[in-house]
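**Student:** If you scroll down you'll find the structure; I have some questions about it.
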Amino acid sequence: MSPPPSEPPPLQPKHSASRLVWIYAAFASLWITLSDQVVAWLVSDPFQLARISTFKGWFFVAITTWLLHTLLRRLLAQITASEDQHRVLLDFKTRRTEALLDLSEASQHMDERGFMQYGQELAEQLTGSQIAFIHLVHEDQETIELVAWSKATLANYCTAAYDNHYPVSQAGIWADALRQRAPVVINDYATATGKHGLPAGHAHLARLISVPVMDGGLVRMMTGVGNKSTRYDEQDVETVRLISDAIWHIVQQRRSQAALRKSEYQLQLVTHNIQDVIWTADLQGKFTYISPAVELLSGFKPEELLGKNLSAIVAAEDADEVRQAIAKVIADHAAGLAFSPLQREIEQPCKDGSRVWIEVNVNGMYDDKAQLIGMVGVIRNIAKRKEQDRLLQLANQVFEQSQEGITVTDAAGIIVAVNAAFSRITGYDRAEVVGQNPRILHSGRQDAAYYRAMWDALTSVGRWSSEIWNKRKDGTIYPEWLAISALRDLRGQTTHFVANFSDLSQSKAAESRIQWLSYFDPLTGLPNRTLLQDRTALTLSMVQRANEPLTMMLVALDHFSTINDTMGHHLGDQLLVETARRLSVSVREQDTVAHLGGKEFVLVLPGTDQLGATHLATEMLGNISQPCKLGDREVSVTASIGIVSYPENGTRFEDLFRAVEIAMRNAQAKGRNTYAFFSTELYDQVLAHEAMTQALRQAIANQELSLVYQPQVDLQTGQICGLEALLRWTHPEYGQVSPVQFIPLAEKAGLIISIGEWVLNQACQDVRHWLDLGIMVPHVAINASPLQFRDNDFVAQVRSALNTSGIDPAQIYIEVTESALMDDVPRNEAMLHALKELGIQLSLDDFGTGYSSLSYLKRFPFDQVKIDQSFVRDIATNPSDMMLVKVIISMAHGLGMKAIAEGVETEAQCDIMRTSLCDEIQGYFFSKPVKMPEIEQLFSEARQLPEHLLRQKKPQRTLLLVDDEANILSALKRLLRRDGHQILTANNGAEGLKILAEHRVDIILSDQRMPGMTGVDFLRAAKALYPDTIRIVLSGYTELQSVTDAINEGAVYRFLTKPWDDDALREQINKAIEYRQVIEDNRQLENQVYNTNRELMAANRKLKDLLQQLQAGQASGPGCASS
């Protein structure tokens, strides 16, 4: 490439034209002025003068034409030459520009040094130089480093090594460009002054251009070219400067890009290999970047979250707070306030639905003009830290809330921490003991050797524990269990000791108490059975050696359980304590009085014979029966006392105690409030009793138990409506044993639950058997003993029996005695509801014979009340019994239950039950209890009550008249009694409700305007309590809206006005009675349909079973079918 042309001198056409004009003007002026004078001087002839003047004019034209031609040709030559020079210069600048543009592309394929060489070669070519070099200047501006020669320089002239550092002060005049911070041009290096010589291996210099590259106010690079064949000019300087600047900027750009790539790579390494999530967001809080760690944290990929708001990745309950916080910092920045970094601990929902605790840090992101352009932050998984905090908090709670005292000391044994239990046990506050030595707690009961052994154990094995005596702040000494452990660091050095201790004062007292309770009764303070046995054995050995008699008494308070149940256990306990005191003051010091628990006391009397025992027993009976003050009541009790003698009735405690129990039961059998001595006859009875109990244990396995059934009859239809299952025991030796005899045995021996379960399963199987025969038994009633009902497995037993038999649960009635319900009312209520949920019916047995409580009874879901035979037995002769029966029936109906009377043995009793509106009867009048075949015969015969004993035979109707005017009641009573109705009257609604509770009422005729309660309100209450009644308003006062509402609600059947027409009123009453009869007939029809449906279901079930048997026979093959 040829060197650049010199810059041509600028061509000035305006000046050239002016000069040409001035030359022409000067010449023309001189010619005109001088030529005329010369001609006038030389020629005087006018003619000749004219010819000469003409010639002179043409000569002037010729001369001026030549002169103008000469000047114009020279001007045109200058213009042409200038244009050629400018064209060459323009071509050079174009080539230089293209070369500069090629630098950027060339840099992409070269390393830094190769690129610098390439740039120097361009400088050489464009300036016509033979050498080119680049030096880098250090930041201190005092040191330079040779970094690049052009290839031609290296090949032909230079052997100097790269990376050669030397101070600027030692550099020659070629470094003046650095010193002067301006280009240096030397066109004669040989004559130049200030040279310091050239470095070894440096190329020879003849001419030189040295150009500094400035950046940031400092010289960063120095570029030079040299040894051009001609002089260097400004164009060469400009070329070197442009190439140098381009090289420097491209190198810097490459370095910046390399640093950026390195930074990005390092950032990528960081963001891909740390568990923290790094993110950026715009000013709306939407993610613009989020690192891959977010997937490990939450299960969401980064691309799933880009564009979403930061508040979208937090729990819903935290989203508003995050949005508000971000909005606030952006608003603060807009207002000119500094960005306040945010930090929140929140829960983040994960992709799988779980949650993880995170810490969100938010900072501002700014551009180079300090303008907020977004947000940058870190999300950190703090689940482990939260868990550590929780464990730390838990540890602190354990430390503070531990019931054991905890002391922490340093390695020197100085207390650094104690917990609340320490202060509670020792009496010292934290402030009083922190910084102290635990010796402040020493009681002085342990010597120095004890503590040396403790420290030896801590030093050798790191732990020690023992029972120790320490001293509280108040000086009291107490026992404690102390355990000390040494805490060691990673180097195995002991840093702390932790002591756990528990106050043994209470446990020591408890041990003493337990030891005392092992031998004494806690209520009375008397010896218990264990101590009684020990003392009896010791006393027997003493009287045996002394050949003396000994008497043992067993004292049992009569009816103590009744006092407990009616007055409360706390008063029962007071009675036992008082009885213990009275017995203790009745005996001698050498005698023993023991309390065995409950109502029984035992006395062991050494040296007392039968006569002395008789006197003492009589005295004790008198003492015990003395009135006793219990709370605000005075109570008198009696006792039954059994007496045995040594050695006649036994020589060991076991023998004597067994005998005294028999004697005490004999005293109870004699009527209580007496004493009885043991006899062999009593013993024989006990043996017989135990033998029968043992036989009863084998009764189920030996198939000695059986069921008989007594029919229950509906008084409306006269038909059998159910059966009661009754248990029988037939023993090979005892024969037929009465239930009255063996049921108490079973209860006492704990057999009643297993026997009751057998009865339940057998009865269900019998119902199944009858269904299979096509006999539809409406229901079977099964008695549940109190013990069986209290069994927690009873409901499961009933469910199992129903499932095994496959019968309809509605075919089973469970009869529960009233006394069994009063023991634990909430539990029993839940039990009854659980039974009802199975679908069975419930019957209340022996109602009125126990502790009756209507407040409890109405909570129980019974379907039926059974009137005990004790009320039925004398009902035909005893008005009180009749009244009680009617009350029970009315109460049952009022509670929505049926009433059944058991023990009905005569027609009179049956008729009374019919007229008393009893629903069902059971007893010998219809049938005694019979076995299954006879039951089947009864159903096949369709046996029923005589028709004249049925309730459906024109029952007398009962009318209740309610009016606050006596004359109205009297007139109505006279009018309506003529039709044979039973008339009841009341003066107001409250009295009317009371009568309804006591009597079965068919029709209610009530006034509307009465004091206290209006007629409509009264009839609404009557409808809620007794929905079967027919309710009529008879009133002269009309409040239309309330009456209309009552009629619409069904509370009022008719509204009649006063005064009334007698015949019209009687007609309305008769219509109401007919309406009532229709209701009853419909109910009876529903019952008949129900029973018929059940019979059809049983027949269908039997038919289905037969079809299945036939199909099974056909499937088994011809051989089986023929057999």
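Ordering of the structure tokens sets the chain letters (A, B, ...), residue numbers begin anew at 1 in every chain, and ligands are numbered from 1 in the order given.
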Give me, as a list in words, all polymer residues having an atom no more than 7 Å from Leu1056 (chain A), counting only C-alpha atoms and skipping those fewer than 3 positions away in the same chain.

**Tutor:**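 Selected residues are Val1033, Leu1034 and Ser1035 of chain A.
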
**Student:** Can you pull out the residues contacting Arg873 (chain A)? Cut-off 10 Å, using only C-alpha atoms, and skip same-chain residues under 5 positions away; I want them as a PDB file with N, CA and C atoms, in the first residue's frame.

**Tutor:**
```pdb
ATOM      1  N   ASP A 868     -95.692 -53.294  85.900  1.00  0.00           N
ATOM      2  CA  ASP A 868     -95.302 -54.472  86.676  1.00  0.00           C
ATOM      3  C   ASP A 868     -96.539 -55.190  87.244  1.00  0.00           C
ATOM      4  N   ASN A 878    -108.343 -52.991  94.421  1.00  0.00           N
ATOM      5  CA  ASN A 878    -107.603 -51.914  95.087  1.00  0.00           C
ATOM      6  C   ASN A 878    -107.650 -50.658  94.213  1.00  0.00           C
ATOM      7  N   ASP A 881    -104.242 -49.108  93.248  1.00  0.00           N
ATOM      8  CA  ASP A 881    -103.535 -49.758  92.157  1.00  0.00           C
ATOM      9  C   ASP A 881    -104.128 -49.351  90.811  1.00  0.00           C
ATOM     10  N   GLU A 902     -98.219 -56.653  82.436  1.00  0.00           N
ATOM     11  CA  GLU A 902     -97.872 -58.064  82.596  1.00  0.00           C
ATOM     12  C   GLU A 902     -98.582 -58.613  83.843  1.00  0.00           C
ATOM     13  N   GLY A 903     -98.716 -59.948  83.868  1.00  0.00           N
ATOM     14  CA  GLY A 903     -99.362 -60.595  85.012  1.00  0.00           C
ATOM     15  C   GLY A 903    -100.873 -60.494  84.989  1.00  0.00           C
ATOM     16  N   VAL A 904    -101.484 -60.304  83.802  1.00  0.00           N
ATOM     17  CA  VAL A 904    -102.943 -60.256  83.675  1.00  0.00           C
ATOM     18  C   VAL A 904    -103.448 -61.712  83.691  1.00  0.00           C
ATOM     19  N   GLU A 905    -104.171 -62.071  84.782  1.00  0.00           N
ATOM     20  CA  GLU A 905    -104.575 -63.472  84.963  1.00  0.00           C
ATOM     21  C   GLU A 905    -106.087 -63.669  84.972  1.00  0.00           C
ATOM     22  N   THR A 906    -106.845 -62.580  85.012  1.00  0.00           N
ATOM     23  CA  THR A 906    -108.308 -62.716  85.062  1.00  0.00           C
ATOM     24  C   THR A 906    -108.940 -61.824  84.022  1.00  0.00           C
ATOM     25  N   GLN A 909    -109.252 -58.226  85.288  1.00  0.00           N
ATOM     26  CA  GLN A 909    -108.022 -57.455  85.104  1.00  0.00           C
ATOM     27  C   GLN A 909    -107.885 -57.025  83.635  1.00  0.00           C
TER      28      GLN A 909
END
```

**Student:** Quick one: residues within 7 Å of region 997-1002 of chain A, only C-alpha atoms, excluding same-chain residues fewer than 6 positions away - as a PyMOL selection string?

**Tutor:** chain A and resi 887+890+894+957-960+1029-1030

**Student:** Which residue is closest to Arg535 (chain A)? Choose from A:Ile514, A:Ile144, A:Ala556, A:Val593 and count only C-alpha atoms.

**Tutor:**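 Closest residue, counting only C-alpha atoms: A:Val593.
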
**Student:** When you draw a straight line from CA of Leu557 (chain A) to CA of Glu634 (chain A), how long is it in Å?

**Tutor:** 16.3 Å

**Student:** So which residues touch region 525-530 of chain A within 7 Å, counting only C-alpha atoms, skipping near sequence neighbours fewer than 2 positions away, as a list in words?

**Tutor:**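 Once the adjacent positions are removed, what remains is Tyr519, Phe520, Asp521, Pro522, Leu523, Leu532, Gln533, Asp534, Val593, Ala594, His595 and Leu596 of chain A.
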
**Student:** Quick one: residues within 12 Å of Thr97 (chain A), only C-alpha atoms, excluding same-chain residues fewer than 6 positions away - as a list of chain:residue names?

**Tutor:**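 Those residues are A:Leu90, A:Asp91, A:Leu103, A:Ser104, A:Leu122, A:Leu126, A:Glu238, A:Thr239, A:Leu242, A:Ile243, A:Ala246.
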
**Student:** Could you name the residues that touch Glu704 (chain A) at 7 Å or less, counting only C-alpha atoms, but leaving out those on the same chain fewer than 6 positions away, as a list in words?

**Tutor:** Trp729, Thr730 and His731 of chain A

**Student:** Could those selected residues go to a file with C-alpha atoms, as a CSV table (one decimal), in the first residue's frame?

**Tutor:**
```csv
chain,number,residue,atom,x,y,z
A,729,TRP,CA,-82.9,-74.1,83.4
A,730,THR,CA,-83.4,-77.8,83.6
A,731,HIS,CA,-80.6,-79.6,85.5
```

**Student:** Skip Pro933 (chain A) itself and residues of its chain fewer than 4 positions away, then list as a PyMOL selection string all residues within 12 Å of it, counting only C-alpha atoms.

**Tutor:** chain A and resi 707-709+766+769-770+773+775+929+937-940

**Student:** Counting only C-alpha atoms, figure out which residue out of A:Ile643, A:Ile755, A:Ala966, A:Ile186 gets nearest to Gln698 (chain A).

**Tutor:** A:Ile755

**Student:** Point out the residue among A:Ala457, A:Leu504, A:Ala688, A:Leu136 with the least atom-to-atom distance to Tyr478 (chain A), counting only C-alpha atoms.

**Tutor:** A:Leu504

**Student:** One decimal, in Å: what's the spacing between CA of Glu387 (chain A) and CA of Arg355 (chain A)?

**Tutor:** 13.6 Å

**Student:** Would you give me, as a PyMOL selection string, the residues in region 836-947 of chain A that DSSP reads as helix (DSSP H, G or I)?

**Tutor:** chain A and resi 836-837+854-857+869-872+879-894+907-915+932-941+947

**Student:** Can you write out the residues you just picked, keeping C-alpha atoms, as a PDB file, in the first residue's frame?

**Tutor:**
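That gives us result20.pdb:
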```pdb
ATOM      1  CA  LYS A 836     -82.234 -47.512  68.685  1.00  0.00           C
ATOM      2  CA  GLU A 837     -79.863 -46.805  65.824  1.00  0.00           C
ATOM      3  CA  LEU A 854     -89.806 -38.506  84.822  1.00  0.00           C
ATOM      4  CA  SER A 855     -87.126 -35.857  84.236  1.00  0.00           C
ATOM      5  CA  TYR A 856     -84.755 -38.663  83.329  1.00  0.00           C
ATOM      6  CA  LEU A 857     -87.351 -40.923  81.731  1.00  0.00           C
ATOM      7  CA  GLN A 869     -97.544 -57.324  87.790  1.00  0.00           C
ATOM      8  CA  SER A 870     -97.394 -56.045  91.374  1.00  0.00           C
ATOM      9  CA  PHE A 871     -99.726 -53.207  90.263  1.00  0.00           C
ATOM     10  CA  VAL A 872    -101.940 -55.543  88.228  1.00  0.00           C
ATOM     11  CA  PRO A 879    -108.533 -48.403  93.800  1.00  0.00           C
ATOM     12  CA  SER A 880    -105.009 -47.154  94.481  1.00  0.00           C
ATOM     13  CA  ASP A 881    -103.535 -49.758  92.157  1.00  0.00           C
ATOM     14  CA  MET A 882    -106.120 -48.880  89.517  1.00  0.00           C
ATOM     15  CA  MET A 883    -105.272 -45.191  89.801  1.00  0.00           C
ATOM     16  CA  LEU A 884    -101.532 -45.923  89.552  1.00  0.00           C
ATOM     17  CA  VAL A 885    -102.092 -48.052  86.472  1.00  0.00           C
ATOM     18  CA  LYS A 886    -104.111 -45.312  84.778  1.00  0.00           C
ATOM     19  CA  VAL A 887    -101.446 -42.745  85.608  1.00  0.00           C
ATOM     20  CA  ILE A 888     -98.738 -44.994  84.146  1.00  0.00           C
ATOM     21  CA  ILE A 889    -100.775 -45.552  80.973  1.00  0.00           C
ATOM     22  CA  SER A 890    -101.505 -41.823  80.614  1.00  0.00           C
ATOM     23  CA  MET A 891     -97.873 -40.975  81.218  1.00  0.00           C
ATOM     24  CA  ALA A 892     -96.745 -43.511  78.605  1.00  0.00           C
ATOM     25  CA  HIS A 893     -99.159 -42.141  76.037  1.00  0.00           C
ATOM     26  CA  GLY A 894     -98.127 -38.590  76.867  1.00  0.00           C
ATOM     27  CA  GLU A 907    -110.936 -61.343  82.762  1.00  0.00           C
ATOM     28  CA  ALA A 908    -111.635 -58.524  85.246  1.00  0.00           C
ATOM     29  CA  GLN A 909    -108.022 -57.455  85.104  1.00  0.00           C
ATOM     30  CA  CYS A 910    -108.117 -57.595  81.295  1.00  0.00           C
ATOM     31  CA  ASP A 911    -111.312 -55.538  81.131  1.00  0.00           C
ATOM     32  CA  ILE A 912    -109.895 -52.893  83.456  1.00  0.00           C
ATOM     33  CA  MET A 913    -106.846 -52.639  81.229  1.00  0.00           C
ATOM     34  CA  ARG A 914    -109.121 -52.245  78.221  1.00  0.00           C
ATOM     35  CA  THR A 915    -111.147 -49.463  79.817  1.00  0.00           C
ATOM     36  CA  MET A 932     -91.808 -73.087  70.503  1.00  0.00           C
ATOM     37  CA  PRO A 933     -94.191 -75.787  69.148  1.00  0.00           C
ATOM     38  CA  GLU A 934     -97.082 -74.424  71.222  1.00  0.00           C
ATOM     39  CA  ILE A 935     -96.308 -70.902  70.004  1.00  0.00           C
ATOM     40  CA  GLU A 936     -96.500 -72.163  66.472  1.00  0.00           C
ATOM     41  CA  GLN A 937     -99.861 -73.781  67.318  1.00  0.00           C
ATOM     42  CA  LEU A 938    -101.180 -70.500  68.736  1.00  0.00           C
ATOM     43  CA  PHE A 939    -100.283 -68.643  65.540  1.00  0.00           C
ATOM     44  CA  SER A 940    -101.720 -71.359  63.339  1.00  0.00           C
ATOM     45  CA  GLU A 941    -104.995 -71.220  65.309  1.00  0.00           C
ATOM     46  CA  GLU A 947    -114.410 -59.633  71.239  1.00  0.00           C
TER      47      GLU A 947
END
```
